[in-house]
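Notes to accompany the following structure.
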Amino acid sequence: MTTPLTATSSAAPSPASGLSRWRIDAAHSTAQFKIKHMMIANVKGEFSGISGELLYDAEHPERSRVEAAIDAATLSTREPQRDAHLKSPDFFDVERFPQLTFRSTRVATTAPGRLEVEGELSLHGTSRPVRFTVEGPSAPAQDPWGGMRMGLEATTRINRKDFGLTWNAALEAGGVLVGDEAAITLDVEFVRAEG
C-alpha cells in the first residue's frame, strides 16, 4: 500500500490551497503493456491491482502530485504458462518484488486537457525516471452513490533492460524472442476522498 501524498511544502495542504484528494478506484483502473514477440507482433498484458492517491489542483495542475502502486501478482496476458514465466525470477520475480510503484516529481500542462507527468518508476528492485503523457483528468462527475469521480489515460515507453528485465532467447532465424521496448498505458478512475 502506498503512503499518503504530501505537498512540496512542509505544511499539509489546506482546503483553501486548491488541492483536492482523490483515490484510485482499483475496480475501474488498469495498467496495460505491450511488447514485441519474436519481433513480429505485439503481446499485450495488464495489471489490475492498482492503488494510490492524487492531489489535484484544477487551476494550477503543476501543483498536483500522484503516487501509485501496482500488485505485480495481478499480471495477466490471458495465457497461464506465459503468465507464470513473467512472474518468475526470469522477469518480474513477483515473490521478491511484489509491487511496482510510481511517484511524480513534476507535472506540467502541455495543451488543454493534456499533462506531462515526470516521476520515478520502481520495478524489479530498480528505480528510473520516466515521463508520462496524460490525457485528462476529465471533468469531475457525480456517481450514483453521491461520490465524485474523474478519470485519465497516461502513456509512456520504457526499455525493460533499464529495470533489470534482461531475460531473452535467440531465434534460429535471427532476432530474439522478446523485444526490449514496452509501451505502457494506464486507464485510471479516481474517486474524491472525504476531507
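Just remember, in the C-alpha cells the first chain shown is A, the second B, etc., residues are 1-based per chain, and ligands are 1-based in the order shown.
Non-sequential neighbours of Lys36 of chain A (distance at most 9 Å, separation of 5 or more positions within a chain, only C-alpha atoms) are Ala41, Asn42, Val43, Lys44, Leu177, Val178, Gly179, Asp180, Glu181 and Ala182 of chain A.
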With C-alpha atoms retained, write the just-selected residues as a PDB file, in the first residue's frame.
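Okay, part_17.pdb is ready:
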```pdb
ATOM      1  CA  ALA A  41       3.736  -8.962 -33.307  1.00  0.00           C
ATOM      2  CA  ASN A  42       2.774  -7.365 -30.004  1.00  0.00           C
ATOM      3  CA  VAL A  43       1.807  -9.338 -26.926  1.00  0.00           C
ATOM      4  CA  LYS A  44      -0.422  -7.422 -24.518  1.00  0.00           C
ATOM      5  CA  LEU A 177      12.049 -13.839 -28.599  1.00  0.00           C
ATOM      6  CA  VAL A 178      11.157 -10.735 -26.552  1.00  0.00           C
ATOM      7  CA  GLY A 179      11.532  -7.082 -27.563  1.00  0.00           C
ATOM      8  CA  ASP A 180      13.245  -4.553 -25.311  1.00  0.00           C
ATOM      9  CA  GLU A 181      10.809  -1.638 -25.525  1.00  0.00           C
ATOM     10  CA  ALA A 182       7.485  -1.831 -23.711  1.00  0.00           C
TER      11      ALA A 182
END
```
For Arg65 of chain A, work out the shell of residues within 6 Å, counting only C-alpha atoms and skipping chain neighbours fewer than 5 positions away, then give it as a list in words. Leu54, Leu55 and Ser104 of chain A
Hey, what does DSSP flag as alpha helix (DSSP H) within chain A? Can you give it to me as a short mmCIF file (atom, residue, chain, number, x, y, z; two decimals) with N, CA and C atoms, in the first residue's frame?
```
data_model
loop_
_atom_site.label_atom_id
_atom_site.label_comp_id
_atom_site.auth_asym_id
_atom_site.auth_seq_id
_atom_site.Cartn_x
_atom_site.Cartn_y
_atom_site.Cartn_z
N PRO A 80 -1.91 -18.77 -19.14
CA PRO A 80 -1.36 -19.13 -17.83
C PRO A 80 0.13 -19.49 -17.83
N GLN A 81 0.59 -20.22 -18.83
CA GLN A 81 2.00 -20.61 -18.85
C GLN A 81 2.90 -19.38 -19.02
N ARG A 82 2.50 -18.48 -19.91
CA ARG A 82 3.28 -17.25 -20.11
C ARG A 82 3.23 -16.37 -18.86
N ASP A 83 2.05 -16.30 -18.22
CA ASP A 83 1.93 -15.50 -17.00
C ASP A 83 2.86 -16.03 -15.92
N ALA A 84 2.92 -17.35 -15.76
CA ALA A 84 3.80 -17.95 -14.76
C ALA A 84 5.27 -17.60 -15.04
N HIS A 85 5.65 -17.62 -16.33
CA HIS A 85 7.03 -17.27 -16.69
C HIS A 85 7.31 -15.80 -16.39
N LEU A 86 6.36 -14.92 -16.71
CA LEU A 86 6.56 -13.49 -16.47
C LEU A 86 6.64 -13.17 -14.97
N LYS A 87 5.97 -13.95 -14.14
CA LYS A 87 6.01 -13.73 -12.70
C LYS A 87 7.24 -14.36 -12.05
#
```
Pairwise distance for atom CA of Val134 of chain A and atom CA of Thr156 of chain A, rounded to one decimal in Å: 9.2 Å
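Ranking A:His60, A:Arg114, A:Arg157, A:Arg149 by their shortest atom-to-atom distance to Val130 of chain A, with only C-alpha atoms included, puts A:Arg157 first.
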Pick out each residue of segment 30-78 of chain A that DSSP on the backbone tags as strand (DSSP E or B); I need them as a PyMOL selection string. chain A and resi 30-37+41-47+50-56+65-71+76
